[in-house]
Amino acid sequence: MSDSKEAMIIDGKAIAKSIRGEIKEMTEALKKEHNTVPGLATILVGNRSDSAMYVRFKKKAAKECGFHSVDVNLPDTISEEDLIKEVKKCIDDKKVHGILVQLPLPKHINEHKVLSTIPDDKDVDGFSSGNIGNLCLKGGEPPLAIPCTPAGCVELIQRSGLETSGKDAVVIGRSNIVGMPMSHLLRSMDATVTMCHSRTKNIKEHVKRADIVVAAIGKPEFVKGDWIKPGAVVIDVGINDVEDKTKKRGYRLAGDVEFEEAKKVAGAITPVPGGVGPMTIAMLLKNTLNLARHHLGLPRLPLRSKRSFRDNSEIAK
């Protein structure tokens, strides 16, 4: 870890831009050599401004990489049955390799039932039981897609030249989207992992022992600067609105970590915004590309670096 007085700031925007450039090149090669363009279908239900904004970002990034895009916009009054029919249309579309249903869905729709309709080989979010199961198993078949935010965190760590093997890691938050898959990815990278959550006692003491901290609890500035072990790596997944009357919009964005204080102690830290956020979309694109490669019978692009592992059977994840 760094011995400098102030942490290295991990630039998620720059790393995500580099990954998107790599994906664009590989997409052009796939089209030239196999006459196939990765296809991403995005299903948006209702008119939530945050969901619509996320979908716009994803569509823009997909276009920049040369992907084929299918946009399905549906009213929030749609029935669960009709939504599933729309999902199945995308499943049957041979030009679509990945399907994304933007969450949350309206309350009258069972999210699990809808998402379970998507087969593993078109599950671009990596949330299916098959993909999650293969992610968690040691050895065996690798998942066809990996949850985007945890995958982005791994890329940030690896591309910043930070070591995980033999390190003590603490993941704060146990969601299916971030905390759970993140803990398994770190374990597979030879870290010793502790998962903390809302019922964990003395979270501060766990964090103070950690060489790597991944904060994904959804509480602004929950992790204080004096909790951080000197030289630790801090990956802040949180993005929260905090009232700030000095700002034109009346609020500012804050992560789950007290950034200004933590950066004085940490060896490396992600900012909010500009850290994990841009990586999530980049990894969505990488998942889409991998699913297109799987469709063609081509080897997938691994997430994890070989140098982090002793057991080569796990490298493919």
# chains A, B, ... in the order shown; residues from 1 in each chain; ligands from 1

$ closest_atom_pairs --of "segment 3-115 of chain A" --to "segment 287-290 of chain A" --cutoff "8 Å" --atoms "only C-alpha atoms" --output "CSV"
residue,atom,partner,partner_atom,distance
A:Ile23,CA,A:Leu289,CA,7.5
A:Thr27,CA,A:Leu289,CA,7.3
A:Pro38,CA,A:Leu289,CA,5.6
A:Gly39,CA,A:Thr288,CA,7.0
A:Leu40,CA,A:Thr288,CA,6.6
A:His97,CA,A:Thr288,CA,6.4
A:Gly98,CA,A:Thr288,CA,5.4

$ select_by_dssp --residues "segment 7-140 of chain A" --states "alpha helix (DSSP H)" --output "number ranges by chain"
A: 12-34, 49-64, 80-92, 111-116, 129-136

$ residues_around --residues "Ile281 of chain A" --least-positions-apart "3" --cutoff "10 Å" --atoms "only C-alpha atoms" --output "list in words"
Ala16, Arg20, Tyr54, Val55, Phe57, Lys58, Lys59, Ala61, Ala62, Cys148, Thr149, Gly152, Val276, Gly277, Pro278, Leu284, Leu285, Lys286 and Asn287 of chain A

$ residues_around --residues "Phe127 of chain A" --least-positions-apart "3" --cutoff "8 Å" --atoms "only C-alpha atoms" --output "list in words"
Asp123, Asn131, Ile132, Ile146, Pro147, Asn176 and Ile177 of chain A

$ select_by_dssp --residues "segment 95-310 of chain A" --states "strand (DSSP E)" --output "number ranges by chain"
A: 98-101, 168-172, 192-196, 212-215, 233-236, 240-243, 251-254, 268-269

$ residues_around --residues "Ile172 of chain A" --least-positions-apart "3" --cutoff "12 Å" --atoms "only C-alpha atoms" --output "JSON list (two decimals) with N, CA, C and O atoms, in the first residue's frame"
[["chain", "number", "residue", "atom", "x", "y", "z"],
["A", 169, "ALA", "N", -9.97, -8.13, 3.97],
["A", 169, "ALA", "CA", -10.95, -7.27, 3.31],
["A", 169, "ALA", "C", -12.25, -7.25, 4.10],
["A", 169, "ALA", "O", -12.68, -8.28, 4.63],
["A", 175, "SER", "N", -26.08, -6.94, 0.05],
["A", 175, "SER", "CA", -27.09, -7.03, -1.01],
["A", 175, "SER", "C", -26.68, -8.05, -2.06],
["A", 175, "SER", "O", -25.50, -8.36, -2.25],
["A", 178, "VAL", "N", -24.47, -6.06, -4.85],
["A", 178, "VAL", "CA", -23.09, -5.65, -4.62],
["A", 178, "VAL", "C", -22.39, -6.49, -3.54],
["A", 178, "VAL", "O", -21.42, -7.19, -3.81],
["A", 179, "GLY", "N", -22.87, -6.42, -2.31],
["A", 179, "GLY", "CA", -22.15, -7.00, -1.18],
["A", 179, "GLY", "C", -21.85, -8.47, -1.30],
["A", 179, "GLY", "O", -20.70, -8.91, -1.10],
["A", 180, "MET", "N", -22.87, -9.26, -1.63],
["A", 180, "MET", "CA", -22.67, -10.70, -1.69],
["A", 180, "MET", "C", -21.70, -11.10, -2.81],
["A", 180, "MET", "O", -20.70, -11.79, -2.55],
["A", 182, "MET", "N", -19.50, -9.25, -4.31],
["A", 182, "MET", "CA", -18.20, -8.63, -4.05],
["A", 182, "MET", "C", -17.38, -9.46, -3.08],
["A", 182, "MET", "O", -16.17, -9.66, -3.26],
["A", 183, "SER", "N", -18.04, -9.98, -2.06],
["A", 183, "SER", "CA", -17.32, -10.78, -1.06],
["A", 183, "SER", "C", -16.77, -12.06, -1.69],
["A", 183, "SER", "O", -15.64, -12.48, -1.40],
["A", 193, "VAL", "N", -12.03, -12.46, 3.77],
["A", 193, "VAL", "CA", -13.14, -11.52, 3.68],
["A", 193, "VAL", "C", -14.07, -11.59, 4.89],
["A", 193, "VAL", "O", -14.49, -12.67, 5.30],
["A", 194, "THR", "N", -14.42, -10.43, 5.42],
["A", 194, "THR", "CA", -15.45, -10.28, 6.44],
["A", 194, "THR", "C", -16.58, -9.45, 5.85],
["A", 194, "THR", "O", -16.33, -8.38, 5.28],
["A", 195, "MET", "N", -17.80, -9.93, 5.95],
["A", 195, "MET", "CA", -18.95, -9.16, 5.48],
["A", 195, "MET", "C", -19.67, -8.55, 6.67],
["A", 195, "MET", "O", -20.11, -9.25, 7.58],
["A", 196, "CYS", "N", -19.79, -7.23, 6.67],
["A", 196, "CYS", "CA", -20.52, -6.52, 7.72],
["A", 196, "CYS", "C", -21.85, -6.02, 7.16],
["A", 196, "CYS", "O", -21.98, -5.78, 5.95],
["A", 197, "HIS", "N", -22.83, -5.85, 8.06],
["A", 197, "HIS", "CA", -24.15, -5.41, 7.63],
["A", 197, "HIS", "C", -24.83, -4.68, 8.78],
["A", 197, "HIS", "O", -24.20, -4.37, 9.80],
["A", 198, "SER", "N", -26.12, -4.41, 8.63],
["A", 198, "SER", "CA", -26.83, -3.59, 9.61],
["A", 198, "SER", "C", -26.89, -4.20, 11.00],
["A", 198, "SER", "O", -27.06, -3.50, 11.99],
["A", 199, "ARG", "N", -26.74, -5.51, 11.09],
["A", 199, "ARG", "CA", -26.79, -6.18, 12.39],
["A", 199, "ARG", "C", -25.40, -6.50, 12.96],
["A", 199, "ARG", "O", -25.31, -7.09, 14.04],
["A", 200, "THR", "N", -24.36, -6.12, 12.24],
["A", 200, "THR", "CA", -23.00, -6.39, 12.72],
["A", 200, "THR", "C", -22.67, -5.48, 13.90],
["A", 200, "THR", "O", -22.90, -4.27, 13.84],
["A", 203, "ILE", "N", -18.86, -2.44, 13.90],
["A", 203, "ILE", "CA", -18.37, -2.37, 12.53],
["A", 203, "ILE", "C", -17.05, -1.61, 12.47],
["A", 203, "ILE", "O", -16.12, -1.97, 11.74],
["A", 204, "LYS", "N", -16.94, -0.56, 13.26],
["A", 204, "LYS", "CA", -15.73, 0.25, 13.28],
["A", 204, "LYS", "C", -14.49, -0.61, 13.52],
["A", 204, "LYS", "O", -13.46, -0.45, 12.85],
["A", 206, "HIS", "N", -14.05, -3.80, 12.93],
["A", 206, "HIS", "CA", -13.78, -4.64, 11.76],
["A", 206, "HIS", "C", -13.05, -3.82, 10.68],
["A", 206, "HIS", "O", -12.07, -4.28, 10.08],
["A", 207, "VAL", "N", -13.57, -2.61, 10.43],
["A", 207, "VAL", "CA", -12.99, -1.75, 9.39],
["A", 207, "VAL", "C", -11.55, -1.37, 9.73],
["A", 207, "VAL", "O", -10.67, -1.34, 8.86],
["A", 210, "ALA", "N", -8.97, -3.71, 8.47],
["A", 210, "ALA", "CA", -9.04, -4.10, 7.05],
["A", 210, "ALA", "C", -7.97, -3.43, 6.18],
["A", 210, "ALA", "O", -7.75, -2.22, 6.27],
["A", 212, "ILE", "N", -8.43, -3.77, 2.88],
["A", 212, "ILE", "CA", -9.32, -3.37, 1.79],
["A", 212, "ILE", "C", -10.72, -3.18, 2.37],
["A", 212, "ILE", "O", -11.22, -4.06, 3.07],
["A", 213, "VAL", "N", -11.33, -2.04, 2.08],
["A", 213, "VAL", "CA", -12.70, -1.76, 2.54],
["A", 213, "VAL", "C", -13.56, -1.47, 1.32],
["A", 213, "VAL", "O", -13.23, -0.61, 0.51],
["A", 214, "VAL", "N", -14.66, -2.21, 1.18],
["A", 214, "VAL", "CA", -15.64, -1.94, 0.14],
["A", 214, "VAL", "C", -16.93, -1.53, 0.85],
["A", 214, "VAL", "O", -17.55, -2.33, 1.54],
["A", 215, "ALA", "N", -17.32, -0.26, 0.71],
["A", 215, "ALA", "CA", -18.48, 0.27, 1.40],
["A", 215, "ALA", "C", -19.67, 0.33, 0.46],
["A", 215, "ALA", "O", -19.64, 1.04, -0.54],
["A", 216, "ALA", "N", -20.72, -0.43, 0.78],
["A", 216, "ALA", "CA", -21.91, -0.49, -0.07],
["A", 216, "ALA", "C", -23.14, -0.64, 0.80],
["A", 216, "ALA", "O", -23.95, -1.56, 0.63],
["A", 217, "ILE", "N", -23.28, 0.28, 1.75],
["A", 217, "ILE", "CA", -24.36, 0.17, 2.73],
["A", 217, "ILE", "C", -25.49, 1.17, 2.49],
["A", 217, "ILE", "O", -26.57, 1.07, 3.06],
["A", 218, "GLY", "N", -25.24, 2.16, 1.62],
["A", 218, "GLY", "CA", -26.27, 3.12, 1.27],
["A", 218, "GLY", "C", -26.57, 4.17, 2.32],
["A", 218, "GLY", "O", -27.67, 4.70, 2.39],
["A", 219, "LYS", "N", -25.56, 4.50, 3.13],
["A", 219, "LYS", "CA", -25.70, 5.55, 4.16],
["A", 219, "LYS", "C", -24.60, 6.56, 3.96],
["A", 219, "LYS", "O", -23.41, 6.21, 4.01],
["A", 222, "PHE", "N", -21.06, 7.05, 6.14],
["A", 222, "PHE", "CA", -21.20, 6.13, 7.28],
["A", 222, "PHE", "C", -19.83, 5.74, 7.84],
["A", 222, "PHE", "O", -19.63, 5.66, 9.05],
["A", 223, "VAL", "N", -18.89, 5.47, 6.93],
["A", 223, "VAL", "CA", -17.54, 5.06, 7.35],
["A", 223, "VAL", "C", -16.70, 6.31, 7.60],
["A", 223, "VAL", "O", -16.45, 7.10, 6.70],
["A", 234, "VAL", "N", -9.69, 1.82, -0.17],
["A", 234, "VAL", "CA", -11.09, 2.10, 0.12],
["A", 234, "VAL", "C", -11.86, 2.24, -1.19],
["A", 234, "VAL", "O", -11.58, 3.13, -2.00],
["A", 235, "ILE", "N", -12.81, 1.33, -1.40],
["A", 235, "ILE", "CA", -13.67, 1.36, -2.58],
["A", 235, "ILE", "C", -15.07, 1.76, -2.12],
["A", 235, "ILE", "O", -15.73, 1.01, -1.40],
["A", 236, "ASP", "N", -15.50, 2.95, -2.52],
["A", 236, "ASP", "CA", -16.77, 3.51, -2.05],
["A", 236, "ASP", "C", -17.84, 3.33, -3.13],
["A", 236, "ASP", "O", -17.83, 4.03, -4.15],
["A", 237, "VAL", "N", -18.75, 2.40, -2.90],
["A", 237, "VAL", "CA", -19.80, 2.10, -3.87],
["A", 237, "VAL", "C", -21.01, 3.03, -3.71],
["A", 237, "VAL", "O", -21.78, 3.22, -4.62],
["A", 238, "GLY", "N", -21.14, 3.64, -2.55],
["A", 238, "GLY", "CA", -22.33, 4.44, -2.25],
["A", 238, "GLY", "C", -22.45, 5.69, -3.09],
["A", 238, "GLY", "O", -21.46, 6.29, -3.51],
["A", 256, "ASP", "N", -20.51, 6.44, 0.75],
["A", 256, "ASP", "CA", -20.74, 5.83, 2.07],
["A", 256, "ASP", "C", -19.55, 6.05, 3.00],
["A", 256, "ASP", "O", -19.58, 5.65, 4.16],
["A", 257, "VAL", "N", -18.49, 6.69, 2.46],
["A", 257, "VAL", "CA", -17.26, 6.94, 3.23],
["A", 257, "VAL", "C", -17.06, 8.44, 3.37],
["A", 257, "VAL", "O", -17.31, 9.21, 2.44]]

$ residues_around --residues "Gly297 of chain A" --least-positions-apart "5" --cutoff "12 Å" --atoms "only C-alpha atoms" --output "list in words"
His34, Asp121, Leu144, Asn290, Leu291 and Ala292 of chain A

$ write_last_selection --atoms "N, CA and C atoms" --output "short mmCIF file (atom, residue, chain, number, x, y, z; two decimals), in the first residue's frame"
data_model
loop_
_atom_site.label_atom_id
_atom_site.label_comp_id
_atom_site.auth_asym_id
_atom_site.auth_seq_id
_atom_site.Cartn_x
_atom_site.Cartn_y
_atom_site.Cartn_z
N HIS A 34 -16.46 -12.16 -37.49
CA HIS A 34 -17.57 -13.09 -37.28
C HIS A 34 -18.93 -12.53 -37.72
N ASP A 121 -27.70 -17.13 -20.44
CA ASP A 121 -26.88 -16.67 -21.55
C ASP A 121 -27.34 -15.33 -22.13
N LEU A 144 -21.41 -16.73 -16.93
CA LEU A 144 -21.44 -16.10 -18.24
C LEU A 144 -21.40 -14.58 -18.12
N ASN A 290 -19.14 -10.27 -23.78
CA ASN A 290 -18.87 -11.66 -23.41
C ASN A 290 -20.01 -12.59 -23.79
N LEU A 291 -21.25 -12.12 -23.62
CA LEU A 291 -22.39 -12.95 -23.99
C LEU A 291 -22.46 -13.15 -25.51
N ALA A 292 -22.07 -12.11 -26.26
CA ALA A 292 -22.01 -12.26 -27.72
C ALA A 292 -20.93 -13.28 -28.10
#

$ closest_residue --among "A:Lys60, A:His184, A:Lys17, A:Lys89" --to "Val72 of chain A" --atoms "only C-alpha atoms"
A:Lys89

$ closest_residue --among "A:Gly161, A:His68, A:Ile15, A:Lys201" --to "Asp93 of chain A" --atoms "only C-alpha atoms"
A:His68

$ atom_distance --atom1 "atom CA of Arg252 of chain A" --atom2 "atom CA of Gly275 of chain A"
15.4 Å

$ residues_around --residues "Glu86 of chain A" --least-positions-apart "5" --cutoff "9 Å" --atoms "only C-alpha atoms" --output "list in words"
Ile43, Val72, Glu81 and Ile91 of chain A

$ closest_residue --among "A:Ala145, A:Leu185, A:Met283, A:Ile19" --to "Gly130 of chain A" --atoms "only C-alpha atoms"
A:Ala145
